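Structure file query-v1.tsv (TSV, C-alpha atoms (C1' of nucleotides)) is printed below.
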chain	number	residue	atom	x	y	z
O	1	MET	CA	-81.01	-161.61	-102.84
O	2	THR	CA	-81.79	-164.38	-100.41
O	3	HIS	CA	-81.61	-164.13	-96.64
O	4	LEU	CA	-80.48	-167.46	-95.29
O	5	PRO	CA	-78.97	-167.65	-91.82
O	6	PRO	CA	-76.02	-165.28	-92.14
O	7	VAL	CA	-73.65	-167.19	-89.92
O	8	VAL	CA	-70.14	-165.74	-90.14
O	9	ASP	CA	-67.36	-167.60	-88.36
O	10	GLU	CA	-63.76	-166.58	-87.74
O	11	LEU	CA	-62.59	-168.02	-91.05
O	12	ASP	CA	-65.21	-165.95	-92.87
O	13	ARG	CA	-64.11	-162.85	-91.00
O	14	THR	CA	-60.51	-163.37	-92.08
O	15	ILE	CA	-61.59	-163.94	-95.67
O	16	LEU	CA	-63.70	-160.77	-95.53
O	17	ALA	CA	-60.78	-158.80	-94.12
O	18	LEU	CA	-58.53	-160.00	-96.94
O	19	LEU	CA	-61.18	-159.23	-99.55
O	20	THR	CA	-61.83	-155.75	-98.20
O	21	ALA	CA	-58.08	-155.12	-98.25
O	22	ASN	CA	-57.89	-156.36	-101.86
O	23	ALA	CA	-61.03	-157.39	-103.70
O	24	ARG	CA	-58.96	-158.81	-106.55
O	25	ALA	CA	-56.99	-161.22	-104.39
O	26	SER	CA	-57.05	-164.72	-105.85
O	27	PHE	CA	-58.74	-167.58	-104.04
O	28	VAL	CA	-55.50	-169.52	-103.83
O	29	HIS	CA	-53.78	-166.53	-102.24
O	30	ILE	CA	-56.58	-166.15	-99.69
O	31	GLY	CA	-56.57	-169.91	-99.15
O	32	GLN	CA	-52.87	-169.90	-98.28
O	33	ARG	CA	-53.48	-167.26	-95.60
O	34	VAL	CA	-56.42	-169.03	-94.00
O	35	GLY	CA	-55.26	-172.60	-94.52
O	36	LEU	CA	-57.89	-173.60	-97.06
O	37	SER	CA	-57.89	-174.77	-100.65
O	38	ALA	CA	-59.03	-172.43	-103.40
O	39	PRO	CA	-62.36	-174.21	-104.02
O	40	ALA	CA	-63.14	-174.07	-100.29
O	41	VAL	CA	-62.53	-170.33	-100.27
O	42	LYS	CA	-64.71	-169.89	-103.32
O	43	ARG	CA	-67.56	-171.81	-101.70
O	44	ARG	CA	-67.42	-169.58	-98.64
O	45	VAL	CA	-67.29	-166.41	-100.72
O	46	ASP	CA	-70.23	-167.64	-102.79
O	47	ARG	CA	-72.16	-168.30	-99.60
O	48	LEU	CA	-71.29	-164.86	-98.18
O	49	ARG	CA	-72.62	-163.30	-101.36
O	50	ALA	CA	-75.76	-165.45	-101.37
O	51	THR	CA	-76.57	-164.57	-97.77
O	52	GLY	CA	-76.11	-160.87	-98.47
O	53	VAL	CA	-73.08	-160.36	-96.26
O	54	ILE	CA	-70.97	-159.42	-99.28
O	55	THR	CA	-72.91	-156.93	-101.41
O	56	GLY	CA	-70.28	-156.31	-104.05
O	57	PHE	CA	-66.71	-155.65	-105.05
O	58	THR	CA	-65.71	-152.09	-105.79
O	59	THR	CA	-62.72	-149.91	-106.59
O	60	THR	CA	-61.56	-146.96	-104.50
O	61	VAL	CA	-60.82	-143.89	-106.59
O	62	ARG	CA	-59.26	-140.61	-105.50
O	63	ALA	CA	-62.13	-138.19	-105.97
O	64	ASP	CA	-59.87	-135.20	-106.54
O	65	ALA	CA	-58.02	-137.04	-109.30
O	66	MET	CA	-61.39	-137.37	-111.04
O	67	GLY	CA	-62.09	-133.67	-110.74
O	68	TRP	CA	-64.45	-133.99	-107.75
O	69	GLY	CA	-62.41	-131.69	-105.55
O	70	MET	CA	-64.87	-130.90	-102.79
O	71	GLU	CA	-67.06	-132.70	-100.38
O	72	ALA	CA	-69.71	-131.58	-97.90
O	73	TYR	CA	-72.28	-132.83	-95.44
O	74	VAL	CA	-75.62	-131.05	-95.64
O	75	GLU	CA	-78.34	-131.23	-93.04
O	76	VAL	CA	-81.81	-130.83	-94.53
O	77	TYR	CA	-84.79	-129.48	-92.63
O	78	CYS	CA	-88.11	-130.50	-94.17
O	79	ASP	CA	-91.75	-129.57	-93.83
O	80	SER	CA	-93.41	-131.68	-91.18
O	81	ALA	CA	-95.36	-133.75	-93.70
O	82	ALA	CA	-92.35	-134.66	-95.87
O	83	PRO	CA	-92.08	-138.45	-96.26
O	84	PRO	CA	-88.63	-140.09	-96.31
O	85	SER	CA	-89.53	-141.72	-99.63
O	86	ARG	CA	-89.70	-138.27	-101.21
O	87	MET	CA	-86.23	-137.44	-99.90
O	88	SER	CA	-84.96	-140.74	-101.21
O	89	GLU	CA	-86.26	-139.88	-104.66
O	90	VAL	CA	-84.49	-136.51	-104.56
O	91	ALA	CA	-81.23	-138.21	-103.56
O	92	ARG	CA	-81.46	-140.58	-106.52
O	93	ASN	CA	-82.10	-137.72	-108.93
O	94	HIS	CA	-78.97	-135.79	-107.99
O	95	PRO	CA	-75.80	-137.73	-108.80
O	96	GLU	CA	-73.77	-135.38	-106.60
O	97	ILE	CA	-75.57	-136.82	-103.56
O	98	VAL	CA	-73.43	-139.86	-102.83
O	99	ALA	CA	-75.17	-140.77	-99.57
O	100	ALA	CA	-78.41	-139.77	-97.89
O	101	MET	CA	-79.97	-140.82	-94.62
O	102	THR	CA	-82.54	-139.84	-92.04
O	103	VAL	CA	-81.02	-138.93	-88.70
O	104	THR	CA	-81.84	-138.06	-85.13
O	105	GLY	CA	-81.56	-134.46	-84.04
O	106	ASP	CA	-83.07	-131.24	-85.30
O	107	ALA	CA	-82.50	-131.98	-88.98
O	108	ASP	CA	-84.61	-134.51	-90.88
O	109	ALA	CA	-81.95	-135.81	-93.26
O	110	LEU	CA	-78.20	-135.75	-93.77
O	111	LEU	CA	-76.73	-135.65	-97.27
O	112	HIS	CA	-73.17	-136.47	-98.29
O	113	ILE	CA	-72.40	-134.44	-101.38
O	114	ARG	CA	-69.49	-134.32	-103.81
O	115	ALA	CA	-68.95	-131.46	-106.22
O	116	ARG	CA	-66.32	-130.27	-108.68
O	117	GLY	CA	-65.81	-127.04	-106.76
O	118	ILE	CA	-67.49	-124.33	-104.72
O	119	GLU	CA	-69.55	-122.94	-107.58
O	120	HIS	CA	-70.74	-126.41	-108.53
O	121	PHE	CA	-71.62	-127.10	-104.91
O	122	GLU	CA	-73.60	-123.89	-104.76
O	123	ARG	CA	-75.65	-124.93	-107.79
O	124	VAL	CA	-76.35	-128.33	-106.25
O	125	LEU	CA	-77.43	-126.68	-103.03
O	126	GLU	CA	-79.77	-124.36	-104.94
O	127	ARG	CA	-81.32	-127.34	-106.71
O	128	ILE	CA	-81.92	-129.11	-103.41
O	129	ARG	CA	-83.36	-126.04	-101.75
O	130	ALA	CA	-85.69	-125.62	-104.70
O	131	GLU	CA	-87.46	-128.85	-103.69
O	132	PRO	CA	-90.88	-127.78	-102.39
O	133	PHE	CA	-90.69	-129.61	-99.07
O	134	VAL	CA	-87.18	-128.44	-98.14
O	135	ARG	CA	-87.36	-125.64	-95.59
O	136	ARG	CA	-83.67	-124.96	-95.08
O	137	THR	CA	-80.21	-126.53	-95.30
O	138	ASP	CA	-77.13	-126.39	-93.10
O	139	SER	CA	-73.80	-127.27	-94.71
O	140	ARG	CA	-70.47	-128.47	-93.41
O	141	ILE	CA	-67.76	-128.37	-96.04
O	142	VAL	CA	-65.03	-130.96	-95.56
O	143	LEU	CA	-61.60	-129.37	-95.17
O	144	THR	CA	-59.20	-132.26	-94.49
O	145	GLN	CA	-59.65	-136.02	-94.24
O	146	LEU	CA	-57.97	-137.18	-91.05
O	147	LEU	CA	-57.90	-140.90	-91.89
O	148	PRO	CA	-56.29	-142.62	-94.89
O	149	GLY	CA	-58.70	-143.63	-97.63
O	150	GLY	CA	-61.09	-140.95	-96.53
O	151	GLY	CA	-62.06	-139.95	-100.03
O	152	GLY	CA	-62.75	-143.55	-100.99
O	153	GLY	CA	-64.56	-145.40	-103.64
O	154	THR	CA	-67.98	-146.83	-103.02
O	155	ALA	CA	-69.64	-143.48	-102.78
O	156	LEU	CA	-68.22	-142.43	-106.13
O	157	ARG	CA	-70.14	-145.05	-108.05
O	158	PRO	CA	-73.11	-142.77	-108.87
O	159	LEU	CA	-70.70	-140.18	-110.24
O	160	LEU	CA	-69.01	-142.65	-112.56
O	161	SER	CA	-71.97	-144.73	-113.67
O	162	ARG	CA	-73.05	-142.23	-116.30
O	163	ALA	CA	-70.20	-143.45	-118.43
O	164	VAL	CA	-71.68	-146.94	-118.67
O	165	GLU	CA	-75.12	-148.13	-119.74
O	166	ASN	CA	-75.15	-151.53	-118.12
O	167	ALA	CA	-73.12	-152.06	-114.99
O	168	ALA	CA	-71.17	-155.28	-114.92
O	169	GLU	CA	-72.84	-157.90	-112.76
O	170	PRO	CA	-70.54	-160.27	-110.90
O	171	GLY	CA	-70.90	-163.93	-111.57
N	172	MET	CA	-47.27	-143.94	-104.64
N	173	THR	CA	-46.03	-141.76	-107.49
N	174	HIS	CA	-47.78	-138.65	-108.78
N	175	LEU	CA	-47.30	-138.48	-112.51
N	176	PRO	CA	-49.69	-136.41	-114.62
N	177	PRO	CA	-53.04	-138.04	-113.77
N	178	VAL	CA	-54.61	-137.70	-117.18
N	179	VAL	CA	-57.89	-139.60	-117.34
N	180	ASP	CA	-59.65	-139.86	-120.69
N	181	GLU	CA	-63.13	-141.12	-121.55
N	182	LEU	CA	-61.92	-144.71	-121.94
N	183	ASP	CA	-60.36	-144.56	-118.48
N	184	ARG	CA	-63.60	-143.22	-117.06
N	185	THR	CA	-65.54	-146.13	-118.53
N	186	ILE	CA	-63.02	-148.61	-117.18
N	187	LEU	CA	-63.24	-146.97	-113.76
N	188	ALA	CA	-67.03	-147.12	-113.84
N	189	LEU	CA	-66.93	-150.83	-114.66
N	190	LEU	CA	-64.35	-151.49	-111.97
N	191	THR	CA	-66.28	-149.59	-109.31
N	192	ALA	CA	-69.38	-151.59	-110.29
N	193	ASN	CA	-67.42	-154.84	-110.01
N	194	ALA	CA	-63.81	-154.81	-108.92
N	195	ARG	CA	-63.42	-158.48	-109.85
N	196	ALA	CA	-64.46	-158.00	-113.45
N	197	SER	CA	-61.96	-159.63	-115.80
N	198	PHE	CA	-59.86	-157.53	-118.17
N	199	VAL	CA	-61.28	-159.35	-121.18
N	200	HIS	CA	-64.82	-158.57	-120.01
N	201	ILE	CA	-63.95	-154.92	-119.55
N	202	GLY	CA	-62.13	-154.93	-122.86
N	203	GLN	CA	-65.21	-156.19	-124.69
N	204	ARG	CA	-67.27	-153.30	-123.29
N	205	VAL	CA	-64.78	-150.60	-124.17
N	206	GLY	CA	-63.50	-152.11	-127.41
N	207	LEU	CA	-60.00	-152.94	-126.19
N	208	SER	CA	-57.95	-156.09	-125.79
N	209	ALA	CA	-57.25	-157.43	-122.32
N	210	PRO	CA	-53.57	-156.35	-122.23
N	211	ALA	CA	-54.58	-152.84	-123.24
N	212	VAL	CA	-57.05	-152.68	-120.37
N	213	LYS	CA	-54.44	-153.99	-117.94
N	214	ARG	CA	-51.95	-151.36	-119.03
N	215	ARG	CA	-54.49	-148.61	-118.38
N	216	VAL	CA	-55.46	-150.04	-114.98
N	217	ASP	CA	-51.79	-150.34	-114.05
N	218	ARG	CA	-51.27	-146.73	-115.04
N	219	LEU	CA	-54.34	-145.58	-113.07
N	220	ARG	CA	-52.93	-147.33	-110.01
N	221	ALA	CA	-49.44	-145.92	-110.54
N	222	THR	CA	-50.76	-142.37	-110.85
N	223	GLY	CA	-52.82	-142.75	-107.69
N	224	VAL	CA	-56.23	-142.48	-109.35
N	225	ILE	CA	-57.10	-146.01	-108.26
N	226	THR	CA	-56.17	-146.43	-104.61
N	227	GLY	CA	-57.37	-149.99	-104.16
N	228	PHE	CA	-59.96	-152.68	-104.68
N	229	THR	CA	-62.32	-153.42	-101.83
N	230	THR	CA	-65.38	-155.43	-100.92
N	231	THR	CA	-68.67	-153.98	-99.74
N	232	VAL	CA	-70.03	-155.73	-96.68
N	233	ARG	CA	-73.40	-155.26	-95.01
N	234	ALA	CA	-72.39	-153.78	-91.67
N	235	ASP	CA	-75.45	-155.11	-89.85
N	236	ALA	CA	-74.69	-158.64	-91.05
N	237	MET	CA	-71.33	-158.28	-89.33
N	238	GLY	CA	-72.93	-157.18	-86.09
N	239	TRP	CA	-72.24	-153.46	-86.60
N	240	GLY	CA	-75.87	-152.44	-86.36
N	241	MET	CA	-75.58	-148.72	-85.78
N	242	GLU	CA	-73.98	-145.73	-87.33
N	243	ALA	CA	-73.66	-142.10	-86.28
N	244	TYR	CA	-72.09	-138.81	-87.24
N	245	VAL	CA	-70.53	-136.94	-84.35
N	246	GLU	CA	-69.48	-133.31	-84.39
N	247	VAL	CA	-66.56	-132.61	-82.09
N	248	TYR	CA	-65.85	-129.25	-80.50
N	249	CYS	CA	-62.25	-128.84	-79.41
N	250	ASP	CA	-60.21	-126.46	-77.30
N	251	SER	CA	-58.91	-123.61	-79.42
N	252	ALA	CA	-55.33	-124.89	-79.36
N	253	ALA	CA	-56.15	-128.45	-80.50
N	254	PRO	CA	-54.12	-129.36	-83.58
N	255	PRO	CA	-55.75	-131.47	-86.32
N	256	SER	CA	-52.87	-133.95	-86.02
N	257	ARG	CA	-53.98	-134.76	-82.49
N	258	MET	CA	-57.52	-135.44	-83.69
N	259	SER	CA	-56.11	-137.63	-86.45
N	260	GLU	CA	-54.25	-139.66	-83.87
N	261	VAL	CA	-57.43	-140.14	-81.85
N	262	ALA	CA	-59.29	-141.30	-84.94
N	263	ARG	CA	-56.63	-143.91	-85.66
N	264	ASN	CA	-56.75	-145.22	-82.09
N	265	HIS	CA	-60.49	-145.91	-82.14
N	266	PRO	CA	-61.43	-148.56	-84.71
N	267	GLU	CA	-65.08	-147.55	-84.43
N	268	ILE	CA	-64.20	-144.23	-86.08
N	269	VAL	CA	-64.41	-145.16	-89.76
N	270	ALA	CA	-63.97	-141.62	-91.06
N	271	ALA	CA	-62.80	-138.33	-89.57
N	272	MET	CA	-62.41	-134.90	-91.08
N	273	THR	CA	-62.09	-131.24	-90.23
N	274	VAL	CA	-65.06	-129.18	-91.37
N	275	THR	CA	-66.38	-125.66	-91.70
N	276	GLY	CA	-68.99	-124.48	-89.23
N	277	ASP	CA	-69.13	-124.33	-85.49
N	278	ALA	CA	-67.65	-127.77	-84.90
N	279	ASP	CA	-63.96	-128.51	-85.43
N	280	ALA	CA	-64.25	-132.08	-86.65
N	281	LEU	CA	-66.82	-134.54	-87.92
N	282	LEU	CA	-66.55	-138.23	-87.07
N	283	HIS	CA	-68.30	-141.12	-88.80
N	284	ILE	CA	-68.72	-143.87	-86.22
N	285	ARG	CA	-69.92	-147.46	-86.36
N	286	ALA	CA	-70.92	-149.42	-83.27
N	287	ARG	CA	-72.50	-152.74	-82.40
N	288	GLY	CA	-75.41	-151.02	-80.66
N	289	ILE	CA	-76.48	-148.10	-78.53
N	290	GLU	CA	-74.58	-149.17	-75.44
N	291	HIS	CA	-71.42	-149.73	-77.49
N	292	PHE	CA	-71.86	-146.34	-79.10
N	293	GLU	CA	-72.22	-144.74	-75.69
N	294	ARG	CA	-68.93	-146.26	-74.55
N	295	VAL	CA	-67.18	-145.00	-77.69
N	296	LEU	CA	-68.59	-141.55	-77.11
N	297	GLU	CA	-67.36	-141.58	-73.54
N	298	ARG	CA	-63.88	-142.56	-74.69
N	299	ILE	CA	-63.81	-139.73	-77.20
N	300	ARG	CA	-65.09	-137.19	-74.69
N	301	ALA	CA	-62.42	-138.31	-72.27
N	302	GLU	CA	-59.77	-136.89	-74.61
N	303	PRO	CA	-58.38	-133.82	-72.86
N	304	PHE	CA	-58.86	-131.37	-75.74
N	305	VAL	CA	-62.46	-132.40	-76.55
N	306	ARG	CA	-64.86	-129.84	-75.15
N	307	ARG	CA	-68.17	-131.35	-76.26
N	308	THR	CA	-69.75	-133.59	-78.86
N	309	ASP	CA	-72.99	-133.44	-80.84
N	310	SER	CA	-74.30	-136.70	-82.29
N	311	ARG	CA	-76.63	-137.58	-85.14
N	312	ILE	CA	-77.59	-141.23	-85.13
N	313	VAL	CA	-78.39	-142.63	-88.57
N	314	LEU	CA	-81.93	-144.00	-88.78
N	315	THR	CA	-82.38	-145.09	-92.41
N	316	GLN	CA	-80.11	-145.09	-95.44
N	317	LEU	CA	-81.99	-143.49	-98.33
N	318	LEU	CA	-79.67	-144.68	-101.11
N	319	PRO	CA	-78.72	-148.24	-102.03
N	320	GLY	CA	-75.31	-149.34	-100.83
N	321	GLY	CA	-75.47	-146.78	-98.08
N	322	GLY	CA	-73.96	-149.04	-95.46
N	323	GLY	CA	-71.10	-149.93	-97.76
N	324	GLY	CA	-67.73	-151.40	-97.55
N	325	THR	CA	-64.69	-149.19	-97.67
N	326	ALA	CA	-65.30	-147.66	-94.30
N	327	LEU	CA	-65.56	-151.08	-92.70
N	328	ARG	CA	-61.94	-151.94	-93.41
N	329	PRO	CA	-60.63	-150.75	-90.03
N	330	LEU	CA	-63.24	-152.86	-88.28
N	331	LEU	CA	-62.22	-156.02	-90.11
N	332	SER	CA	-58.48	-155.58	-90.28
N	333	ARG	CA	-57.95	-156.85	-86.76
N	334	ALA	CA	-58.53	-160.35	-88.09
N	335	VAL	CA	-55.47	-160.18	-90.32
N	336	GLU	CA	-51.87	-159.33	-89.56
N	337	ASN	CA	-50.64	-158.49	-93.01
N	338	ALA	CA	-53.10	-157.03	-95.49
N	339	ALA	CA	-52.88	-158.49	-98.97
N	340	GLU	CA	-51.16	-156.13	-101.37
N	341	PRO	CA	-52.41	-156.17	-104.95
N	342	GLY	CA	-49.94	-156.85	-107.73
Q	343	DC	C1'	-52.77	-151.56	-129.39
Q	344	DT	C1'	-52.73	-156.19	-131.08
Q	345	DT	C1'	-51.36	-160.90	-131.40
Q	346	DG	C1'	-49.79	-165.37	-129.66
Q	347	DA	C1'	-48.07	-168.46	-126.13
Q	348	DA	C1'	-47.12	-169.94	-121.51
Q	349	DA	C1'	-48.32	-169.44	-116.65
Q	350	DC	C1'	-51.82	-168.85	-113.64
Q	351	DG	C1'	-56.49	-168.70	-111.61
Q	352	DC	C1'	-61.33	-170.11	-111.71
Q	353	DT	C1'	-64.83	-173.47	-111.44
Q	354	DA	C1'	-67.44	-177.83	-111.56
Q	355	DG	C1'	-67.34	-182.62	-110.57
Q	356	DT	C1'	-65.94	-186.23	-107.66
Q	357	DC	C1'	-64.04	-188.29	-103.71
Q	358	DT	C1'	-62.79	-188.37	-98.77
Q	359	DT	C1'	-63.45	-187.34	-93.89
R	360	DA	C1'	-71.75	-180.83	-94.29
R	361	DA	C1'	-67.38	-179.20	-95.46
R	362	DG	C1'	-62.92	-179.58	-97.46
R	363	DA	C1'	-59.42	-181.63	-100.86
R	364	DC	C1'	-58.22	-183.07	-105.40
R	365	DT	C1'	-58.25	-183.01	-110.45
R	366	DA	C1'	-59.11	-181.53	-115.00
R	367	DG	C1'	-60.95	-178.34	-118.46
R	368	DC	C1'	-61.37	-173.80	-119.55
R	369	DG	C1'	-60.88	-168.82	-119.27
R	370	DT	C1'	-57.75	-165.15	-117.78
R	371	DT	C1'	-53.54	-162.87	-116.95
R	372	DT	C1'	-49.15	-161.64	-118.42
R	373	DC	C1'	-45.12	-160.86	-121.23
R	374	DA	C1'	-42.87	-160.83	-125.48
R	375	DA	C1'	-42.72	-159.26	-130.07
R	376	DG	C1'	-44.79	-156.90	-133.99
Reformat the file's structure so that it appears as structure tokens.
Amino acid sequence: MTHLPPVVDELDRTILALLTANARASFVHIGQRVGLSAPAVKRRVDRLRATGVITGFTTTVRADAMGWGMEAYVEVYCDSAAPPSRMSEVARNHPEIVAAMTVTGDADALLHIRARGIEHFERVLERIRAEPFVRRTDSRIVLTQLLPGGGGGTALRPLLSRAVENAAEPG
Amino acid sequence: MTHLPPVVDELDRTILALLTANARASFVHIGQRVGLSAPAVKRRVDRLRATGVITGFTTTVRADAMGWGMEAYVEVYCDSAAPPSRMSEVARNHPEIVAAMTVTGDADALLHIRARGIEHFERVLERIRAEPFVRRTDSRIVLTQLLPGGGGGTALRPLLSRAVENAAEPG
DNA sequence: CTTGAAACGCTAGTCTT
DNA sequence: AAGACTAGCGTTTCAAG
């Protein structure tokens, strides 16, 4: 929440690397690798969270194992008067939209979409194109991830959160 | 590593939702929410990892706080004979490429790139365009993330891993 | 899946540098 | 200011039911 001076030294960077590699690593384990005691590691992690460097701890899930077999990037062309806030609202209302951003170039926004299959994707696309300010869309369906962990976790959170009323808050 | 029948029931889905919301949540805490004892939760999490549904636990880090202030999606047009394996190799050799995939449409591949700033991004682009089989590139620079957690964590792993020789393996 | 017990990790307080 | 140490408590883990 707060925004104190986010100073990140080499020790912090190593701790962050270890935590991104395994968010469930114990503080003693991390401490052994960086030459610190467990309480010292905890203090640094607490500070990284307080300064907003660490925003959370999440789990990477294979999307296809969850039945979300396809993935696409959709460029959206809007009417000239369309405000980004309106697009943001649309993105929040469609759980299949796992990321949304405004971009440079001809298109106004870029959406990262996950769907159960082609027919599901088509329905999502129809819903988006039904928005009054959307003029047209241009889709790129993902064929193969070229890097390991390409289908990873953070973006899946909106798709899973329907199963839980209150998300668990750390600490 | 193994690929046993990845059956995922409603309880598993709830556990996954809680773990994606907070990967450091304790098994007792999760158990209270789903009406299970801690060992029962652990058994299910172990099984989800063994069947490849859970691929890891990671930490979400604000990229800008780490000095990675800009983000772009780059479409790559290749020579007709360029194999995807070659593109995969290129993606692995450039740490700024946090995701790479083959896609439908005019372009052959789509790259997700993070850079410290415009000038850094330009250098990365030059390096990519210097690859012999790359014919041209088409970039979309990200202006604003429209969903919370849009700058998130998993994709940052390659950028941080240089700080650590051996990544911590869970379990 | 649960229970119970031992090992382990987390965390706050206190002291040292 | 930042880390080390210690002790109390919660968690993880394995055995057995």
Give me the chain O side of the contact with chain Q, cut-off 12 Å, one line per residue showing its nearest atom pair and distance in Å at one decimal, counting only C-alpha atoms (C1' of nucleotides), sorted by chain and residue number, as JSON lines.
{"residue": "O:Arg24", "atom": "CA", "partner": "Q:DG351", "partner_atom": "C1'", "distance": 11.4}
{"residue": "O:Ala25", "atom": "CA", "partner": "Q:DG351", "partner_atom": "C1'", "distance": 10.4}
{"residue": "O:Ser26", "atom": "CA", "partner": "Q:DG351", "partner_atom": "C1'", "distance": 7.0}
{"residue": "O:Phe27", "atom": "CA", "partner": "Q:DG351", "partner_atom": "C1'", "distance": 8.0}
{"residue": "O:Val28", "atom": "CA", "partner": "Q:DG351", "partner_atom": "C1'", "distance": 7.9}
{"residue": "O:His29", "atom": "CA", "partner": "Q:DG351", "partner_atom": "C1'", "distance": 10.0}
{"residue": "O:Ala38", "atom": "CA", "partner": "Q:DC352", "partner_atom": "C1'", "distance": 8.9}
{"residue": "O:Pro39", "atom": "CA", "partner": "Q:DT353", "partner_atom": "C1'", "distance": 7.9}
{"residue": "O:Ala40", "atom": "CA", "partner": "Q:DT353", "partner_atom": "C1'", "distance": 11.3}
{"residue": "O:Val41", "atom": "CA", "partner": "Q:DC352", "partner_atom": "C1'", "distance": 11.5}
{"residue": "O:Lys42", "atom": "CA", "partner": "Q:DT353", "partner_atom": "C1'", "distance": 8.9}
{"residue": "O:Arg43", "atom": "CA", "partner": "Q:DT353", "partner_atom": "C1'", "distance": 10.3}
{"residue": "O:Asp46", "atom": "CA", "partner": "Q:DT353", "partner_atom": "C1'", "distance": 11.7}
{"residue": "O:Gly171", "atom": "CA", "partner": "Q:DT353", "partner_atom": "C1'", "distance": 11.3}
Can you write just those residues out, C-alpha atoms, as a PDB file, in the frame of the given file?
ATOM      1  CA  ARG O  24     -58.960-158.810-106.550  1.00  0.00           C
ATOM      2  CA  ALA O  25     -56.990-161.220-104.390  1.00  0.00           C
ATOM      3  CA  SER O  26     -57.050-164.720-105.850  1.00  0.00           C
ATOM      4  CA  PHE O  27     -58.740-167.580-104.040  1.00  0.00           C
ATOM      5  CA  VAL O  28     -55.500-169.520-103.830  1.00  0.00           C
ATOM      6  CA  HIS O  29     -53.780-166.530-102.240  1.00  0.00           C
ATOM      7  CA  ALA O  38     -59.030-172.430-103.400  1.00  0.00           C
ATOM      8  CA  PRO O  39     -62.360-174.210-104.020  1.00  0.00           C
ATOM      9  CA  ALA O  40     -63.140-174.070-100.290  1.00  0.00           C
ATOM     10  CA  VAL O  41     -62.530-170.330-100.270  1.00  0.00           C
ATOM     11  CA  LYS O  42     -64.710-169.890-103.320  1.00  0.00           C
ATOM     12  CA  ARG O  43     -67.560-171.810-101.700  1.00  0.00           C
ATOM     13  CA  ASP O  46     -70.230-167.640-102.790  1.00  0.00           C
ATOM     14  CA  GLY O 171     -70.900-163.930-111.570  1.00  0.00           C
TER      15      GLY O 171
END
query: Could you work out how far CA of Tyr77 (chain O) lies from CA of Arg136 (chain O), giving the answer in Å with one decimal?
result: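 Separation between CA of Arg136 (chain O) and CA of Tyr77 (chain O): 5.3 Å.
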Counting all atoms listed in the file, chain R residues within 12 Å of chain O, as a JSON list (two decimals) with C-alpha atoms (C1' of nucleotides), in the frame of the given file:
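The result, stored in out.json:
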[["chain", "number", "residue", "atom", "x", "y", "z"],
["R", 361, "DA", "C1'", -67.38, -179.20, -95.46],
["R", 362, "DG", "C1'", -62.92, -179.58, -97.46],
["R", 363, "DA", "C1'", -59.42, -181.63, -100.86],
["R", 364, "DC", "C1'", -58.22, -183.07, -105.40],
["R", 365, "DT", "C1'", -58.25, -183.01, -110.45],
["R", 370, "DT", "C1'", -57.75, -165.15, -117.78],
["R", 371, "DT", "C1'", -53.54, -162.87, -116.95]]
As a tab-separated table (two decimals) with C-alpha atoms, in the frame of the given file, please: the residues near region 145-149 of chain O (cut-off 8 Å, all atoms listed in the file, same-chain neighbours under 3 positions excluded).
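File produced: result_10.tsv:
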chain	number	residue	atom	x	y	z
O	142	VAL	CA	-65.03	-130.96	-95.56
O	152	GLY	CA	-62.75	-143.55	-100.99
N	226	THR	CA	-56.17	-146.43	-104.61
N	255	PRO	CA	-55.75	-131.47	-86.32
N	256	SER	CA	-52.87	-133.95	-86.02
N	258	MET	CA	-57.52	-135.44	-83.69
N	259	SER	CA	-56.11	-137.63	-86.45
N	262	ALA	CA	-59.29	-141.30	-84.94
N	263	ARG	CA	-56.63	-143.91	-85.66
N	270	ALA	CA	-63.97	-141.62	-91.06
N	271	ALA	CA	-62.80	-138.33	-89.57
N	272	MET	CA	-62.41	-134.90	-91.08
N	273	THR	CA	-62.09	-131.24	-90.23
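Going from CA of Ala188 (chain N) to CA of Leu160 (chain O) covers 5.1 Å.
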query: Which residue gives the smallest distance to chain O among N:Arg218, N:His265, N:Arg233, N:Arg204, with all atoms listed in the file counted?
result: N:Arg233
task: Might you pull out every residue within 7 Å of Val224 (chain N), with all atoms listed in the file counted and same-chain residues fewer than 5 positions away left off, and present them as a ChimeraX atom specification?
output: /O:61-62,65 /N:219
